[in-house]
Amino acid sequence: MQFLKSAWYVAAFGDEVGKGLFERRICDESIVMFRREDGSVAALTNRCPHRFAPLSRGKLLPGGVIKCGYHGLEFDGAGACVHNPHGTGAIPAAARIRSWPAIERHGMIWLWMGLAEDADPDAIPDFSFAASAEYNTQRGVLSNRGSHELYIDNLMDLSHVPHLHPGTLGNDEMEGGKRQFLQDETTVASNTLYENVRPSPFWDMQFGGAGEPVDHWQDISWRAPAHMLLDVGVTKPGRARSEGVAILTLHIITPETATSTHYFWSASRRYAMDNTGLDKAIHEVVASAFTGEDEPMIAAVQESMGGKTFDELRPVLLAPDAAAMRVRRALKKLIAAESGQHAPVAEVADVAG
Ligand code: FES
Ligand SMILES: [Fe+2]
């Protein structure tokens with residue numbers, strides 16, 4: 001699988017990178033992260049250029065220097081070798097490690113996986129709400145089996161909710177709905193509105209608990225490479241959304257390998273800010289819906305595909321697939337553009353919205 005390289009990927013939540021060395025595989029590159037003395041994050045390829053020991057097995061020294069745990073070469077946060085304990089102590093010119101542009105923003109550590117000179121911090125999406133004191137934000141990171149493309153499909157086509165999550169997020173009244181697809185230079189969006197429906201158990205619990213009908217919206221948007229923002233909520237039928245309850249959720253998918261991902265989720269709300277029972281309920285819903293239902297299904301889909309690509313298997317397309325198909329095409333185009341090729345012609349037909 002070819003990953004989009006010229007993109008900001010979330011590598012970790014800020015508080016995952018503490019005082020020591022933190023390793024995570026991103027786009028099939030093992031990367032070691034750590035904090036310099038000023039608190040900024042450094043990210044290096046996790047392989048010593050001497051005998052290829054993972055640097056994450058070494059030590060972080062004062063001054064933000066990593067000491068290789070095998071023969072003791074030392075490297076700074078820019079990947080330059082700063083100490084050689086052997087021979088004359090001369091530093092071989094080739095003793096360098098690739099460093100990856102890293103920025104901590106909105107409570108997350110973002111890595112640029114392309115050429116360092118192309119890294120533009122302004123291209124990081126504005127997800128500041130997720131770190132704002134004006135919201136109560138619950139969050140977590142999960143390790144998932146299945147490619148990031150399958151997770152994008154899952155999130156950009158929420159018509160699976162009543163079928164895969166019938167006991168929590170969905171129910172049998174969530175069929176059809178009014179759907180709208182939008183696309184511009186950087187974003188693909190799919191907005192769904194279910195009018196005057198019985199709320200699902202999760203939403204009923206947030207909004208009175210009497211099972212009264214609601215209007216339920218799910219507005220999800222994608223930005224490259226795999227950053228999904230879902231505005232989801234309920235209000236009384238025909239009433240303004242501001243009179244109801246809504247949660248802004250982030251679903252950020254970072255490829256670990258071609259067939260596994262890191263899933264950074266967050267759920268930010270401005271109601272019941274101090275309700276710790278609701279905090280717990282949100283974690284439980286994510287655990288039961290995502291860990292118990294989406295992830296096992298996507299892992300099974302990956303296995304069922306038997307190593308063939310999506311295009312080779314020529315999937316049947318349904319109306320709600322339009323957004324995920326647009327994302328797949330947009331990603332293909334971006335990957336083709338960075339490798340200087342023409343975007344391959346889509347092998348699957350477009351679908352009607
Ligand atoms: S492998 Fe790192 S110093 Fe030898
Ligand atoms: Fe789901």
# chains A, B, ... in the order shown; residues from 1 in each chain; ligands from 1
$ residues_near_ligand --ligand "ligand 1" --cutoff "8 Å" --atoms "only C-alpha atoms and all ligand atoms" --output "mmCIF file with N, CA and C atoms, in the first residue's frame"
data_model
loop_
_atom_site.group_PDB
_atom_site.id
_atom_site.type_symbol
_atom_site.label_atom_id
_atom_site.label_comp_id
_atom_site.auth_asym_id
_atom_site.auth_seq_id
_atom_site.Cartn_x
_atom_site.Cartn_y
_atom_site.Cartn_z
ATOM 1 N N ARG A 47 15.887 3.827 14.316
ATOM 2 C CA ARG A 47 16.884 2.825 13.899
ATOM 3 C C ARG A 47 18.253 3.480 13.917
ATOM 4 N N CYS A 48 19.107 2.951 14.728
ATOM 5 C CA CYS A 48 20.461 3.488 14.801
ATOM 6 C C CYS A 48 21.197 3.170 13.499
ATOM 7 N N PRO A 49 21.946 4.131 12.935
ATOM 8 C CA PRO A 49 22.617 3.870 11.657
ATOM 9 C C PRO A 49 23.842 2.958 11.786
ATOM 10 N N HIS A 50 24.229 2.590 13.025
ATOM 11 C CA HIS A 50 25.388 1.713 13.184
ATOM 12 C C HIS A 50 24.999 0.257 12.933
ATOM 13 N N ARG A 51 24.286 -0.367 13.837
ATOM 14 C CA ARG A 51 23.861 -1.764 13.637
ATOM 15 C C ARG A 51 22.360 -1.906 13.759
ATOM 16 N N PHE A 52 21.693 -0.780 13.542
ATOM 17 C CA PHE A 52 20.235 -0.785 13.356
ATOM 18 C C PHE A 52 19.436 -1.144 14.606
ATOM 19 N N ALA A 53 20.008 -0.911 15.746
ATOM 20 C CA ALA A 53 19.232 -1.133 16.977
ATOM 21 C C ALA A 53 18.102 -0.117 17.045
ATOM 22 N N PRO A 54 16.935 -0.541 17.522
ATOM 23 C CA PRO A 54 15.878 0.457 17.751
ATOM 24 C C PRO A 54 16.334 1.412 18.857
ATOM 25 N N LEU A 55 16.294 2.699 18.552
ATOM 26 C CA LEU A 55 16.758 3.674 19.555
ATOM 27 C C LEU A 55 15.841 3.707 20.763
ATOM 28 N N CYS A 68 22.076 5.337 22.187
ATOM 29 C CA CYS A 68 21.731 4.019 21.674
ATOM 30 C C CYS A 68 22.084 2.960 22.717
ATOM 31 N N GLY A 69 21.161 2.020 22.917
ATOM 32 C CA GLY A 69 21.357 1.016 23.949
ATOM 33 C C GLY A 69 22.309 -0.099 23.543
ATOM 34 N N TYR A 70 22.808 -0.068 22.279
ATOM 35 C CA TYR A 70 23.656 -1.170 21.823
ATOM 36 C C TYR A 70 25.144 -0.837 21.995
ATOM 37 N N HIS A 71 25.650 0.224 21.278
ATOM 38 C CA HIS A 71 27.072 0.559 21.428
ATOM 39 C C HIS A 71 27.308 2.020 21.835
ATOM 40 N N GLY A 72 26.206 2.700 22.185
ATOM 41 C CA GLY A 72 26.383 3.980 22.865
ATOM 42 C C GLY A 72 26.507 5.239 22.026
ATOM 43 N N LEU A 73 26.275 5.186 20.710
ATOM 44 C CA LEU A 73 26.250 6.449 19.962
ATOM 45 C C LEU A 73 25.141 7.324 20.535
ATOM 46 N N GLU A 74 25.345 8.645 20.462
ATOM 47 C CA GLU A 74 24.327 9.560 20.995
ATOM 48 C C GLU A 74 23.862 10.505 19.893
#
$ closest_atom_pairs --of "chain A" --to "ligand 2" --cutoff "12 Å" --atoms "only C-alpha atoms and all ligand atoms" --output "Markdown table"
| residue | atom | partner | partner_atom_place_in_ligand_line | distance |
| --- | --- | --- | --- | --- |
| A:Leu150 | CA | ligand 2 | 1 (Fe) | 11.6 |
| A:Tyr151 | CA | ligand 2 | 1 (Fe) | 9.3 |
| A:Ile152 | CA | ligand 2 | 1 (Fe) | 10.8 |
| A:Asp153 | CA | ligand 2 | 1 (Fe) | 10.2 |
| A:Asn154 | CA | ligand 2 | 1 (Fe) | 6.5 |
| A:Leu155 | CA | ligand 2 | 1 (Fe) | 6.7 |
| A:Met156 | CA | ligand 2 | 1 (Fe) | 9.9 |
| A:Asp157 | CA | ligand 2 | 1 (Fe) | 8.9 |
| A:Leu158 | CA | ligand 2 | 1 (Fe) | 6.8 |
| A:Ser159 | CA | ligand 2 | 1 (Fe) | 8.9 |
| A:His160 | CA | ligand 2 | 1 (Fe) | 6.5 |
| A:Val161 | CA | ligand 2 | 1 (Fe) | 5.5 |
| A:Pro162 | CA | ligand 2 | 1 (Fe) | 9.0 |
| A:His163 | CA | ligand 2 | 1 (Fe) | 9.2 |
| A:Leu164 | CA | ligand 2 | 1 (Fe) | 6.6 |
| A:His165 | CA | ligand 2 | 1 (Fe) | 6.7 |
| A:Pro166 | CA | ligand 2 | 1 (Fe) | 10.3 |
| A:Gly167 | CA | ligand 2 | 1 (Fe) | 11.9 |
| A:Thr168 | CA | ligand 2 | 1 (Fe) | 10.4 |
| A:Leu169 | CA | ligand 2 | 1 (Fe) | 8.4 |
| A:Gly170 | CA | ligand 2 | 1 (Fe) | 9.4 |
| A:His251 | CA | ligand 2 | 1 (Fe) | 11.0 |
| A:Val285 | CA | ligand 2 | 1 (Fe) | 10.6 |
| A:Val286 | CA | ligand 2 | 1 (Fe) | 9.2 |
| A:Ala287 | CA | ligand 2 | 1 (Fe) | 11.0 |
| A:Ser288 | CA | ligand 2 | 1 (Fe) | 10.1 |
| A:Ala289 | CA | ligand 2 | 1 (Fe) | 6.3 |
| A:Phe290 | CA | ligand 2 | 1 (Fe) | 6.1 |
| A:Thr291 | CA | ligand 2 | 1 (Fe) | 9.5 |
| A:Gly292 | CA | ligand 2 | 1 (Fe) | 9.8 |
| A:Glu293 | CA | ligand 2 | 1 (Fe) | 7.1 |
| A:Asp294 | CA | ligand 2 | 1 (Fe) | 5.0 |
| A:Glu295 | CA | ligand 2 | 1 (Fe) | 8.4 |
| A:Pro296 | CA | ligand 2 | 1 (Fe) | 10.7 |
| A:Met297 | CA | ligand 2 | 1 (Fe) | 9.4 |
| A:Ile298 | CA | ligand 2 | 1 (Fe) | 9.8 |
$ residues_around --residues "Arg223 (chain A)" --least-positions-apart "3" --cutoff "7 Å" --atoms "only C-alpha atoms" --output "MDAnalysis selection string"
chainID A and resid 186:188 226:228
$ write_last_selection --atoms "all heavy atoms" --output "mmCIF file, in the first residue's frame"
data_model
loop_
_atom_site.group_PDB
_atom_site.id
_atom_site.type_symbol
_atom_site.label_atom_id
_atom_site.label_comp_id
_atom_site.auth_asym_id
_atom_site.auth_seq_id
_atom_site.Cartn_x
_atom_site.Cartn_y
_atom_site.Cartn_z
ATOM 1 N N THR A 186 -10.336 20.623 -0.080
ATOM 2 C CA THR A 186 -9.674 19.849 0.985
ATOM 3 C C THR A 186 -10.619 18.941 1.767
ATOM 4 O O THR A 186 -10.151 18.151 2.584
ATOM 5 C CB THR A 186 -9.033 20.816 2.020
ATOM 6 O OG1 THR A 186 -10.070 21.666 2.521
ATOM 7 C CG2 THR A 186 -7.936 21.648 1.410
ATOM 8 N N THR A 187 -11.903 19.086 1.535
ATOM 9 C CA THR A 187 -12.856 18.422 2.422
ATOM 10 C C THR A 187 -13.916 17.659 1.643
ATOM 11 O O THR A 187 -14.372 18.126 0.601
ATOM 12 C CB THR A 187 -13.574 19.492 3.285
ATOM 13 O OG1 THR A 187 -12.595 20.339 3.847
ATOM 14 C CG2 THR A 187 -14.399 18.873 4.390
ATOM 15 N N VAL A 188 -14.291 16.494 2.163
ATOM 16 C CA VAL A 188 -15.473 15.781 1.663
ATOM 17 C C VAL A 188 -16.405 15.650 2.857
ATOM 18 O O VAL A 188 -15.961 15.270 3.947
ATOM 19 C CB VAL A 188 -15.116 14.382 1.124
ATOM 20 C CG1 VAL A 188 -16.382 13.604 0.754
ATOM 21 C CG2 VAL A 188 -14.190 14.481 -0.084
ATOM 22 N N ALA A 226 -6.619 11.299 6.900
ATOM 23 C CA ALA A 226 -7.727 10.494 7.439
ATOM 24 C C ALA A 226 -8.239 11.130 8.727
ATOM 25 O O ALA A 226 -8.293 10.493 9.775
ATOM 26 C CB ALA A 226 -7.281 9.053 7.689
ATOM 27 N N HIS A 227 -8.578 12.431 8.635
ATOM 28 C CA HIS A 227 -9.068 13.158 9.798
ATOM 29 C C HIS A 227 -10.561 13.385 9.629
ATOM 30 O O HIS A 227 -10.973 14.134 8.747
ATOM 31 C CB HIS A 227 -8.371 14.511 9.925
ATOM 32 C CG HIS A 227 -6.878 14.418 9.931
ATOM 33 N ND1 HIS A 227 -6.062 15.380 9.384
ATOM 34 C CD2 HIS A 227 -6.059 13.465 10.401
ATOM 35 C CE1 HIS A 227 -4.792 15.018 9.542
ATOM 36 N NE2 HIS A 227 -4.771 13.859 10.154
ATOM 37 N N MET A 228 -11.362 12.717 10.448
ATOM 38 C CA MET A 228 -12.802 12.859 10.348
ATOM 39 C C MET A 228 -13.336 13.632 11.550
ATOM 40 O O MET A 228 -12.974 13.352 12.696
ATOM 41 C CB MET A 228 -13.470 11.477 10.304
ATOM 42 C CG MET A 228 -13.717 10.931 8.920
ATOM 43 S SD MET A 228 -12.258 10.425 8.001
ATOM 44 C CE MET A 228 -11.631 9.109 8.972
#
$ residues_around --residues "Gly64 (chain A)" --least-positions-apart "5" --cutoff "10 Å" --atoms "only C-alpha atoms" --output "MDAnalysis selection string"
chainID A and resid 20 34:42 75:77
$ write_last_selection --atoms "N, CA and C atoms" --output "tab-separated table (two decimals), in the first residue's frame"
chain	number	residue	atom	x	y	z
A	20	GLY	N	10.15	9.87	28.91
A	20	GLY	CA	11.06	8.88	28.32
A	20	GLY	C	10.95	8.83	26.81
A	34	PHE	N	10.37	11.89	21.64
A	34	PHE	CA	10.76	12.27	23.01
A	34	PHE	C	10.73	13.78	23.11
A	35	ARG	N	10.82	14.27	24.34
A	35	ARG	CA	10.77	15.72	24.54
A	35	ARG	C	12.18	16.28	24.74
A	36	ARG	N	12.42	17.41	24.05
A	36	ARG	CA	13.68	18.12	24.30
A	36	ARG	C	13.55	18.85	25.64
A	37	GLU	N	14.62	19.52	26.03
A	37	GLU	CA	14.56	20.20	27.34
A	37	GLU	C	13.50	21.29	27.39
A	38	ASP	N	13.23	21.92	26.23
A	38	ASP	CA	12.21	22.98	26.23
A	38	ASP	C	10.80	22.42	26.12
A	39	GLY	N	10.66	21.10	26.14
A	39	GLY	CA	9.33	20.49	26.11
A	39	GLY	C	8.83	20.17	24.71
A	40	SER	N	9.51	20.70	23.68
A	40	SER	CA	9.06	20.41	22.32
A	40	SER	C	9.36	18.95	21.98
A	41	VAL	N	8.61	18.43	21.02
A	41	VAL	CA	8.73	17.00	20.71
A	41	VAL	C	9.68	16.79	19.53
A	42	ALA	N	10.58	15.84	19.68
A	42	ALA	CA	11.44	15.42	18.56
A	42	ALA	C	10.97	14.05	18.11
A	75	PHE	N	22.57	10.80	19.89
A	75	PHE	CA	21.94	11.63	18.84
A	75	PHE	C	21.08	12.71	19.47
A	76	ASP	N	21.09	13.89	18.81
A	76	ASP	CA	20.20	14.95	19.32
A	76	ASP	C	18.84	14.86	18.61
A	77	GLY	N	17.97	15.79	18.97
A	77	GLY	CA	16.60	15.75	18.45
A	77	GLY	C	16.50	16.01	16.96
$ atom_distance --atom1 "CA of Ser190 (chain A)" --atom2 "CA of His216 (chain A)"
14.1 Å
$ select_by_dssp --residues "region 33-164 of chain A" --states "strand (DSSP E or B)" --output "PyMOL selection string"
chain A and resi 33-35+41-45+59-61+65-67+74-75+80-83+96+99+102-105+108-112+136-145
$ closest_residue --among "A:Ala130, A:Pro255, A:Asn196, A:Thr249" --to "Thr235 (chain A)" --atoms "only C-alpha atoms"
A:Asn196
